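K.L.:
I have a structure here, written as C-alpha cells, and I will follow up with some questions on it.
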Amino acid sequence: MQKTIMRRVAQGQGREPADLVIRNVRLFDLVTGDLVPTDIAICGDRIVGTYGDYDGVQTIDGVGRIAVPGFIDTHLHVESSLVTPFEFDRCVLPHGVTTAICDPHEMANVLGRVAFDYFLAAAERTIMDLRVNLSSCVPATAMETSGAVLNVDDLLPYRDHPKVIGLAEFMNIPGVLNGDPGCMDKLAAFADSHIDGHAPLMRGKALNGYLSAGISTDHEATAAEEALEKVRKGMTVLIREGSVCKDLEALVPLLNVATSPFFAFCTDDRNPLEIAHEGHLDFLIRRAIELGVEPLAAYRAASLSAATAFGLKDRGQIAPGKRADIVLLDDLERCQVSDVISAGRLVNDALFAGREIVAPVGLDSVQLPSPVSARDMRIEGSRTDRPVMGIIPGQIITEFLRLDLLEDDGVVLPDPEQDIAKVCVVARHGHNDNIGRGFVRGFGLRSGALASSVGHDSHNICVVGTSDADMACAVNHLEKTGGGFVAVRDGQVLAELRLPVAGLMSDAPYEQVRDDLIVLRQAAKEMGVVLEEPFLQLAFLPLPVIPHLKITDFGMIDVRTMILV
C-alpha cells in the first residue's frame, strides 16, 4: 500500500506521468457550479490531479465534454431490473451509474441467506461498485407466507463484509414503534451502521419515534410536505423515480442548491425496457433539470449528497484522493452521457467481457403442492360492500374501496364494465397451499389473465383476471417455467417473460428481457390493460407494508390496522 500511495503522490504532483489523463475537459465544480477547463489525472483507481495540466501514459480527449462525478443510486433492488447483477451492471453502468446500493430483499424472501451469498459474490466481480444493505425485514410482515425468515443471527455474519454498508429499508413500522424484540435486536446490532428507512406517509410524533431508532434515510415520500418534514427532522430523502413509483415531479420543487445536501436520487425498481426508453439516473437528472432544478443541485443529489448520506467518503466529487468514478457528458442539462470511467477504467465491452460470472441460484423456487384449478379462484359470499383495491397510476399506494359487485348463484364475479378484475395470491414456496382472493380496480382488463411470480415482498404468485380458468392456467404455467410474467387468454399463452432465477430474474441478456417486455406489454394492451407497466403494478398488490388495501396469500389486508378484511 505504501508504494501505491507514493505513486499517487508523485503523479498528483506531476513528477511522474499519470496512468490516465482526461485532457482539456470542463470539470463541473460541485462547490461553485462553475465549469472549469482542466486536465484530470488518474493513478490506478484514484483521481490524483485536477485544476492543472498533466502528462499521462494513456489519454482521453475531453475537448467539448463536461466531467461530473459518477452517479450513485442510493436504493434499488437489482431483482426488480429482472436481470442478474452482471446484466444490471452491463445495462446501467453506461448510463453513468458507477455506484449502486442494493437491497437483495426480494431474493432473500425466497431463498434466505443464500441471497446474501449470491449478491456479495457478484458484487465482488461487477465493474460498477455494487454495495449491499442487508435485508432487515424477511418476511416484511407476519401476514403472508415467505420462503425464508431472517433474524439478527442470520444478518450478523455479513455485517463486516467490505461490500456491506448496513441495514436495508426497515419496513416493519409497528415493530419499531411498539418495541418488537426482533426489531430491537436488529436495530441494536446495526446501531453504529447505516440503517435505511421505509416510512410511507409517516408524519408527526410517530416519525420522531421512528427516527429515534437510528434510521436516517427514506425513499417512500410521495408528497412535498411529507418530504420537507422528513428532511427537517434529519432524514435524507431519496427521491424515487422507478418503473411504477414516480415521485420525482412531486418532490423536486424542494430540491435546490441550499437543500441539495439533504436529498439524493434512487430508482428502487426500474426495468430494462424503461431504462432503454428513458435511461436510469441520467433520466432522473435530466428530468429534474427540465422541471426547473438547477444543474448544481441535481448533480449534487446524484453524487456528493448520496455519498455523504451513506458514508462513502471516497467518492461523490472529482477531486484528488477520490475514487476515479467519472462521467463524461456531451450536454450538462440533458445529461447526455458519452463515456464512463469506473474506478479508473474506461467502460467498454471488453471490460464487461473480462468479468468472472457467478452462477445463478434458486432455479427451482416455484413450488405448488398441486396444480390449481378454476374452482380455486372462486370467491363466494356477499356481493355488496366488498373491499376492492383501487390502483393509483404512478404509485404503489392503493385506495381502499368498498363496492357492490356482480354475483351468480352465490359466486362474486369480476365486472369489466366497472374496471373490476379478480386478483388472487397463490403461495409458491412449498410451505402450504394458501390462496388469497379479492378484487382490484384500475387495470382496464377486459379478458384473460396476467400472472407474476414477482410479488413484493414474499413473492408468491399474484394473478389478476376476468376468467377463473385463465387465472388458473396462468398460475400453473409459471410453476412449469420456473416463474416470470405471463399473459393468458382463452387458455392460450399470448406472451411471457421467463424469470427462472428465484422466480425473479432472467438468466438471459438484458436486451432479450427488454424485447420480451415489449411483447408482454402489447399482449396486455390487446387484453384491454391501460397501465403502462401492468406486471410491475401487479407485483406490488401483495405488499402489505404500503397503504391502504393489499392482498397476500392470507387474504385482503387493511394495512392501517393489519387486519384481514
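Residue numbering restarts at 1 in every chain; chains get A, B, ... in the order shown in the C-alpha cells, and ligands count up from 1 in that same order.
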Using DSSP on the backbone, list every residue of stretch 331-524 of chain A that comes out as strand (DSSP E or B), and give them as JSON, numbers by chain.
P.N.:
{"A": [331, 336, 337, 338, 339, 340, 341, 342, 345, 346, 367, 380, 386, 387, 388, 389, 390, 391, 398, 399, 400, 401, 402, 403, 406, 407, 408, 411, 412, 413, 415, 420, 421, 422, 423, 424, 425, 426, 429, 435, 436, 437, 438, 439, 440, 441, 449, 450, 451, 452, 461, 462, 463, 464, 465, 484, 485, 486, 487, 488, 489, 492, 493, 494, 495, 496, 497, 498, 501, 505, 506]}
K.L.:
Could you write those residues out with C-alpha atoms, as a CSV table (one decimal), in the first residue's frame?
P.N.:
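So selection-v2.csv came out as:
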```
chain,number,residue,atom,x,y,z
A,331,ASP,CA,-24.5,18.1,-22.7
A,336,GLN,CA,-26.1,13.2,-22.3
A,337,VAL,CA,-23.5,10.6,-21.3
A,338,SER,CA,-20.7,9.9,-23.8
A,339,ASP,CA,-18.2,7.9,-21.7
A,340,VAL,CA,-17.9,6.5,-18.2
A,341,ILE,CA,-14.8,5.8,-16.1
A,342,SER,CA,-15.3,3.3,-13.3
A,345,ARG,CA,-11.2,2.1,-16.1
A,346,LEU,CA,-12.9,3.3,-19.3
A,367,GLN,CA,-43.3,-25.0,-5.9
A,380,GLU,CA,-68.1,-16.8,-2.6
A,386,ARG,CA,-66.9,-5.7,-1.0
A,387,PRO,CA,-63.4,-4.4,-0.3
A,388,VAL,CA,-61.7,-3.5,-3.6
A,389,MET,CA,-58.1,-2.3,-4.2
A,390,GLY,CA,-58.0,0.8,-6.2
A,391,ILE,CA,-54.8,1.3,-8.3
A,398,THR,CA,-53.7,1.8,-3.3
A,399,GLU,CA,-57.1,3.1,-2.4
A,400,PHE,CA,-59.4,1.1,0.0
A,401,LEU,CA,-62.7,1.0,-1.8
A,402,ARG,CA,-66.0,-0.7,-0.9
A,403,LEU,CA,-68.1,-1.5,-3.9
A,406,LEU,CA,-71.8,-8.8,-9.7
A,407,GLU,CA,-73.0,-12.2,-8.4
A,408,ASP,CA,-74.0,-15.5,-9.9
A,411,VAL,CA,-70.3,-16.6,-6.5
A,412,VAL,CA,-69.0,-13.0,-6.6
A,413,LEU,CA,-67.7,-12.0,-10.1
A,415,ASP,CA,-67.0,-6.7,-13.5
A,420,ILE,CA,-63.0,-4.5,-11.6
A,421,ALA,CA,-61.0,-7.7,-12.0
A,422,LYS,CA,-60.4,-10.6,-9.7
A,423,VAL,CA,-57.0,-10.9,-8.0
A,424,CYS,CA,-55.6,-14.0,-6.2
A,425,VAL,CA,-52.3,-14.6,-4.5
A,426,VAL,CA,-51.1,-18.3,-4.5
A,429,HIS,CA,-42.8,-21.7,-1.6
A,435,ILE,CA,-54.7,-18.7,-1.8
A,436,GLY,CA,-55.8,-15.2,-1.0
A,437,ARG,CA,-58.7,-13.9,-3.1
A,438,GLY,CA,-60.1,-10.4,-3.8
A,439,PHE,CA,-60.8,-7.7,-6.3
A,440,VAL,CA,-58.9,-4.8,-7.9
A,441,ARG,CA,-59.9,-1.8,-10.0
A,449,ALA,CA,-55.4,-13.1,-17.0
A,450,LEU,CA,-52.0,-11.8,-16.1
A,451,ALA,CA,-49.8,-13.5,-13.6
A,452,SER,CA,-46.4,-12.9,-12.0
A,461,ILE,CA,-47.7,-15.8,-7.4
A,462,CYS,CA,-50.1,-12.9,-8.0
A,463,VAL,CA,-52.7,-13.3,-10.7
A,464,VAL,CA,-55.3,-10.8,-12.0
A,465,GLY,CA,-58.1,-11.7,-14.4
A,484,GLY,CA,-41.9,-15.0,-14.5
A,485,PHE,CA,-44.6,-13.0,-16.2
A,486,VAL,CA,-47.3,-14.4,-18.4
A,487,ALA,CA,-50.4,-13.2,-20.3
A,488,VAL,CA,-53.1,-15.9,-20.9
A,489,ARG,CA,-56.4,-15.6,-22.8
A,492,GLN,CA,-53.5,-19.9,-24.5
A,493,VAL,CA,-50.3,-18.2,-23.6
A,494,LEU,CA,-50.1,-14.9,-25.5
A,495,ALA,CA,-46.7,-13.7,-24.2
A,496,GLU,CA,-44.3,-14.5,-21.4
A,497,LEU,CA,-41.0,-13.5,-19.8
A,498,ARG,CA,-39.3,-16.4,-18.0
A,501,VAL,CA,-33.5,-17.2,-11.0
A,505,MET,CA,-34.7,-12.7,-12.6
A,506,SER,CA,-33.9,-13.8,-16.1
```
K.L.:
Would you please extract all alpha helix (DSSP H) residues from stretch 75-265 of chain A, as assigned by DSSP on the backbone, and give them as a PyMOL selection string?
P.N.:
chain A and resi 85-92+105-111+113-123+152-155+173-177+181-189+204-211+224-232+248-251
K.L.:
Which stretch 268-355 of chain A residues have any atom within 10 Å of an atom of stretch 509-533 of chain A, and for each, what is the nearest pair of atoms with distance in Å to one decimal, counting only C-alpha atoms, rows sorted by chain and number, as JSON lines?
P.N.:
```
{"residue": "A:Asn271", "atom": "CA", "partner": "A:Arg514", "partner_atom": "CA", "distance": 7.9}
{"residue": "A:Pro272", "atom": "CA", "partner": "A:Arg514", "partner_atom": "CA", "distance": 5.3}
{"residue": "A:Leu273", "atom": "CA", "partner": "A:Arg514", "partner_atom": "CA", "distance": 4.7}
{"residue": "A:Glu274", "atom": "CA", "partner": "A:Arg514", "partner_atom": "CA", "distance": 8.4}
{"residue": "A:Ile275", "atom": "CA", "partner": "A:Arg514", "partner_atom": "CA", "distance": 9.0}
{"residue": "A:Ala276", "atom": "CA", "partner": "A:Arg514", "partner_atom": "CA", "distance": 7.7}
{"residue": "A:His277", "atom": "CA", "partner": "A:Arg514", "partner_atom": "CA", "distance": 9.9}
```
K.L.:
Hey, can you spit out that residue selection with all heavy atoms as a PDB file, in the first residue's frame?
P.N.:
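Contents of result.pdb, freshly written:
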```pdb
ATOM      1  N   ASN A 271     -37.039  -1.321 -14.765  1.00  0.00           N
ATOM      2  CA  ASN A 271     -36.767  -2.467 -15.629  1.00  0.00           C
ATOM      3  C   ASN A 271     -36.027  -2.063 -16.900  1.00  0.00           C
ATOM      4  O   ASN A 271     -35.968  -0.881 -17.255  1.00  0.00           O
ATOM      5  CB  ASN A 271     -38.061  -3.225 -15.938  1.00  0.00           C
ATOM      6  CG  ASN A 271     -39.000  -2.442 -16.839  1.00  0.00           C
ATOM      7  OD1 ASN A 271     -38.616  -1.942 -17.883  1.00  0.00           O
ATOM      8  ND2 ASN A 271     -40.271  -2.355 -16.436  1.00  0.00           N
ATOM      9  N   PRO A 272     -35.449  -3.046 -17.626  1.00  0.00           N
ATOM     10  CA  PRO A 272     -34.634  -2.724 -18.807  1.00  0.00           C
ATOM     11  C   PRO A 272     -35.389  -2.014 -19.919  1.00  0.00           C
ATOM     12  O   PRO A 272     -34.776  -1.274 -20.693  1.00  0.00           O
ATOM     13  CB  PRO A 272     -34.146  -4.105 -19.271  1.00  0.00           C
ATOM     14  CG  PRO A 272     -34.158  -4.951 -18.057  1.00  0.00           C
ATOM     15  CD  PRO A 272     -35.353  -4.483 -17.273  1.00  0.00           C
ATOM     16  N   LEU A 273     -36.697  -2.230 -20.024  1.00  0.00           N
ATOM     17  CA  LEU A 273     -37.456  -1.548 -21.068  1.00  0.00           C
ATOM     18  C   LEU A 273     -37.512  -0.049 -20.804  1.00  0.00           C
ATOM     19  O   LEU A 273     -37.282   0.762 -21.708  1.00  0.00           O
ATOM     20  CB  LEU A 273     -38.871  -2.140 -21.139  1.00  0.00           C
ATOM     21  CG  LEU A 273     -39.805  -1.540 -22.184  1.00  0.00           C
ATOM     22  CD1 LEU A 273     -39.183  -1.598 -23.571  1.00  0.00           C
ATOM     23  CD2 LEU A 273     -41.149  -2.272 -22.177  1.00  0.00           C
ATOM     24  N   GLU A 274     -37.792   0.322 -19.555  1.00  0.00           N
ATOM     25  CA  GLU A 274     -37.833   1.746 -19.230  1.00  0.00           C
ATOM     26  C   GLU A 274     -36.432   2.369 -19.280  1.00  0.00           C
ATOM     27  O   GLU A 274     -36.271   3.520 -19.671  1.00  0.00           O
ATOM     28  CB  GLU A 274     -38.460   1.950 -17.847  1.00  0.00           C
ATOM     29  CG  GLU A 274     -38.882   3.372 -17.596  1.00  0.00           C
ATOM     30  CD  GLU A 274     -40.186   3.455 -16.828  1.00  0.00           C
ATOM     31  OE1 GLU A 274     -40.601   2.458 -16.227  1.00  0.00           O
ATOM     32  OE2 GLU A 274     -40.782   4.541 -16.827  1.00  0.00           O
ATOM     33  N   ILE A 275     -35.421   1.600 -18.891  1.00  0.00           N
ATOM     34  CA  ILE A 275     -34.046   2.093 -18.999  1.00  0.00           C
ATOM     35  C   ILE A 275     -33.707   2.361 -20.462  1.00  0.00           C
ATOM     36  O   ILE A 275     -33.085   3.373 -20.799  1.00  0.00           O
ATOM     37  CB  ILE A 275     -33.062   1.092 -18.365  1.00  0.00           C
ATOM     38  CG1 ILE A 275     -33.306   0.992 -16.856  1.00  0.00           C
ATOM     39  CG2 ILE A 275     -31.609   1.512 -18.628  1.00  0.00           C
ATOM     40  CD1 ILE A 275     -32.591  -0.170 -16.190  1.00  0.00           C
ATOM     41  N   ALA A 276     -34.130   1.466 -21.352  1.00  0.00           N
ATOM     42  CA  ALA A 276     -33.858   1.649 -22.778  1.00  0.00           C
ATOM     43  C   ALA A 276     -34.563   2.884 -23.323  1.00  0.00           C
ATOM     44  O   ALA A 276     -34.006   3.629 -24.132  1.00  0.00           O
ATOM     45  CB  ALA A 276     -34.285   0.402 -23.550  1.00  0.00           C
ATOM     46  N   HIS A 277     -35.805   3.118 -22.884  1.00  0.00           N
ATOM     47  CA  HIS A 277     -36.593   4.229 -23.411  1.00  0.00           C
ATOM     48  C   HIS A 277     -36.201   5.567 -22.802  1.00  0.00           C
ATOM     49  O   HIS A 277     -36.226   6.606 -23.483  1.00  0.00           O
ATOM     50  CB  HIS A 277     -38.079   3.979 -23.153  1.00  0.00           C
ATOM     51  CG  HIS A 277     -38.656   2.922 -24.034  1.00  0.00           C
ATOM     52  ND1 HIS A 277     -39.910   2.381 -23.837  1.00  0.00           N
ATOM     53  CD2 HIS A 277     -38.160   2.278 -25.121  1.00  0.00           C
ATOM     54  CE1 HIS A 277     -40.159   1.460 -24.761  1.00  0.00           C
ATOM     55  NE2 HIS A 277     -39.112   1.381 -25.537  1.00  0.00           N
TER      56      HIS A 277
END
```
K.L.:
Work out how far atom CA of A:Ser146 is from atom CA of A:Leu111, in Å to one decimal.
P.N.:
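These two atoms are separated by 9.3 Å.
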K.L.:
Between A:Leu27, A:Ile239, A:Leu150, A:Met184, which one has atoms that come closest to A:Ala223, using only C-alpha atoms?
P.N.:
A:Ile239
K.L.:
Rounded to one decimal, what separation in Å do you get between atom CA of A:Pro544 and atom CA of A:Ser365?
P.N.:
21.9 Å
K.L.:
In terms of the shortest atom-to-atom distance over only C-alpha atoms, which of A:Thr141, A:Thr4, A:Thr126, A:Asn24 is closest to A:Val347?
P.N.:
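Under the stated criterion, the closest residue is A:Thr126.
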K.L.:
What does the structure give for the distance between atom CA of A:Leu207 and atom CA of A:Asn178, in Å to one decimal?
P.N.:
12.9 Å
K.L.:
Find the residues near A:Tyr118: any atom within 12 Å, counting only C-alpha atoms, skip ones fewer than 6 places away on the same chain, and give them as a PDB file with N, CA, C and O atoms, in the first residue's frame.
P.N.:
```pdb
ATOM      1  N   THR A  84     -29.835 -10.476 -13.765  1.00  0.00           N
ATOM      2  CA  THR A  84     -28.843 -10.757 -12.738  1.00  0.00           C
ATOM      3  C   THR A  84     -27.992  -9.518 -12.469  1.00  0.00           C
ATOM      4  O   THR A  84     -27.983  -8.578 -13.269  1.00  0.00           O
ATOM      5  N   PRO A  85     -27.246  -9.497 -11.357  1.00  0.00           N
ATOM      6  CA  PRO A  85     -26.367  -8.354 -11.095  1.00  0.00           C
ATOM      7  C   PRO A  85     -25.388  -8.064 -12.229  1.00  0.00           C
ATOM      8  O   PRO A  85     -25.028  -6.897 -12.456  1.00  0.00           O
ATOM      9  N   PHE A  86     -24.957  -9.082 -12.955  1.00  0.00           N
ATOM     10  CA  PHE A  86     -23.994  -8.867 -14.034  1.00  0.00           C
ATOM     11  C   PHE A  86     -24.636  -8.192 -15.235  1.00  0.00           C
ATOM     12  O   PHE A  86     -24.017  -7.333 -15.887  1.00  0.00           O
ATOM     13  N   PRO A 104     -30.981  -6.877  -1.441  1.00  0.00           N
ATOM     14  CA  PRO A 104     -31.416  -8.136  -2.047  1.00  0.00           C
ATOM     15  C   PRO A 104     -32.635  -8.740  -1.356  1.00  0.00           C
ATOM     16  O   PRO A 104     -32.751  -9.951  -1.198  1.00  0.00           O
ATOM     17  N   MET A 107     -34.854 -11.504  -3.344  1.00  0.00           N
ATOM     18  CA  MET A 107     -34.303 -12.853  -3.358  1.00  0.00           C
ATOM     19  C   MET A 107     -34.214 -13.425  -1.945  1.00  0.00           C
ATOM     20  O   MET A 107     -34.417 -14.628  -1.737  1.00  0.00           O
ATOM     21  N   ALA A 108     -33.925 -12.584  -0.954  1.00  0.00           N
ATOM     22  CA  ALA A 108     -33.830 -13.059   0.427  1.00  0.00           C
ATOM     23  C   ALA A 108     -35.162 -13.604   0.916  1.00  0.00           C
ATOM     24  O   ALA A 108     -35.207 -14.570   1.682  1.00  0.00           O
ATOM     25  N   LEU A 111     -35.092 -17.113  -0.837  1.00  0.00           N
ATOM     26  CA  LEU A 111     -34.015 -18.062  -0.572  1.00  0.00           C
ATOM     27  C   LEU A 111     -33.296 -17.866   0.754  1.00  0.00           C
ATOM     28  O   LEU A 111     -32.437 -18.682   1.105  1.00  0.00           O
ATOM     29  N   GLY A 112     -33.577 -16.794   1.487  1.00  0.00           N
ATOM     30  CA  GLY A 112     -32.889 -16.561   2.752  1.00  0.00           C
ATOM     31  C   GLY A 112     -31.448 -16.136   2.553  1.00  0.00           C
ATOM     32  O   GLY A 112     -31.122 -15.361   1.646  1.00  0.00           O
ATOM     33  N   GLU A 124     -18.464  -8.547  -5.752  1.00  0.00           N
ATOM     34  CA  GLU A 124     -17.007  -8.555  -5.807  1.00  0.00           C
ATOM     35  C   GLU A 124     -16.482  -8.651  -7.238  1.00  0.00           C
ATOM     36  O   GLU A 124     -15.283  -8.482  -7.470  1.00  0.00           O
ATOM     37  N   ARG A 125     -17.388  -8.878  -8.213  1.00  0.00           N
ATOM     38  CA  ARG A 125     -16.953  -9.111  -9.590  1.00  0.00           C
ATOM     39  C   ARG A 125     -17.546  -8.136 -10.598  1.00  0.00           C
ATOM     40  O   ARG A 125     -17.155  -8.153 -11.770  1.00  0.00           O
ATOM     41  N   VAL A 132     -24.154  -3.483  -0.814  1.00  0.00           N
ATOM     42  CA  VAL A 132     -25.306  -4.229  -0.309  1.00  0.00           C
ATOM     43  C   VAL A 132     -25.716  -3.707   1.061  1.00  0.00           C
ATOM     44  O   VAL A 132     -24.870  -3.542   1.946  1.00  0.00           O
ATOM     45  N   ILE A 357     -18.195 -14.523 -13.913  1.00  0.00           N
ATOM     46  CA  ILE A 357     -19.627 -14.557 -13.626  1.00  0.00           C
ATOM     47  C   ILE A 357     -19.931 -15.600 -12.543  1.00  0.00           C
ATOM     48  O   ILE A 357     -19.405 -16.708 -12.569  1.00  0.00           O
ATOM     49  N   VAL A 358     -20.784 -15.236 -11.588  1.00  0.00           N
ATOM     50  CA  VAL A 358     -21.241 -16.161 -10.549  1.00  0.00           C
ATOM     51  C   VAL A 358     -22.483 -16.883 -11.051  1.00  0.00           C
ATOM     52  O   VAL A 358     -23.413 -16.253 -11.574  1.00  0.00           O
ATOM     53  N   ALA A 359     -22.510 -18.196 -10.911  1.00  0.00           N
ATOM     54  CA  ALA A 359     -23.649 -18.987 -11.386  1.00  0.00           C
ATOM     55  C   ALA A 359     -24.928 -18.589 -10.654  1.00  0.00           C
ATOM     56  O   ALA A 359     -24.908 -18.338  -9.437  1.00  0.00           O
ATOM     57  N   PRO A 360     -26.057 -18.520 -11.359  1.00  0.00           N
ATOM     58  CA  PRO A 360     -27.324 -18.152 -10.701  1.00  0.00           C
ATOM     59  C   PRO A 360     -27.778 -19.218  -9.724  1.00  0.00           C
ATOM     60  O   PRO A 360     -27.382 -20.388  -9.803  1.00  0.00           O
ATOM     61  N   VAL A 361     -28.629 -18.814  -8.804  1.00  0.00           N
ATOM     62  CA  VAL A 361     -29.153 -19.711  -7.766  1.00  0.00           C
ATOM     63  C   VAL A 361     -30.677 -19.651  -7.782  1.00  0.00           C
ATOM     64  O   VAL A 361     -31.274 -18.800  -8.433  1.00  0.00           O
ATOM     65  N   GLY A 362     -31.298 -20.588  -7.028  1.00  0.00           N
ATOM     66  CA  GLY A 362     -32.750 -20.559  -6.883  1.00  0.00           C
ATOM     67  C   GLY A 362     -33.506 -20.921  -8.140  1.00  0.00           C
ATOM     68  O   GLY A 362     -34.566 -20.351  -8.427  1.00  0.00           O
ATOM     69  N   VAL A 501     -34.442 -17.431 -12.180  1.00  0.00           N
ATOM     70  CA  VAL A 501     -33.545 -17.216 -11.046  1.00  0.00           C
ATOM     71  C   VAL A 501     -34.378 -16.735  -9.857  1.00  0.00           C
ATOM     72  O   VAL A 501     -34.777 -15.571  -9.787  1.00  0.00           O
ATOM     73  N   ALA A 502     -34.708 -17.655  -8.969  1.00  0.00           N
ATOM     74  CA  ALA A 502     -35.551 -17.394  -7.798  1.00  0.00           C
ATOM     75  C   ALA A 502     -36.956 -16.945  -8.181  1.00  0.00           C
ATOM     76  O   ALA A 502     -37.682 -16.401  -7.354  1.00  0.00           O
TER      77      ALA A 502
END
```
K.L.:
Excluding stretch 93-101 of chain A and its own-chain neighbours fewer than 4 positions away, which residues fall within 7 Å of it when counting only C-alpha atoms? Please give them as a PyMOL selection string.
P.N.:
chain A and resi 70-76+89+128-133+279-282+325+327+337+340+342
K.L.:
Calculated over only C-alpha atoms, which of the candidates A:Met377, A:Val25, A:Val231, A:Ala250 has the smallest distance to A:Ile60?
P.N.:
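Checking each candidate against A:Ile60, we get A:Val25 as the closest.
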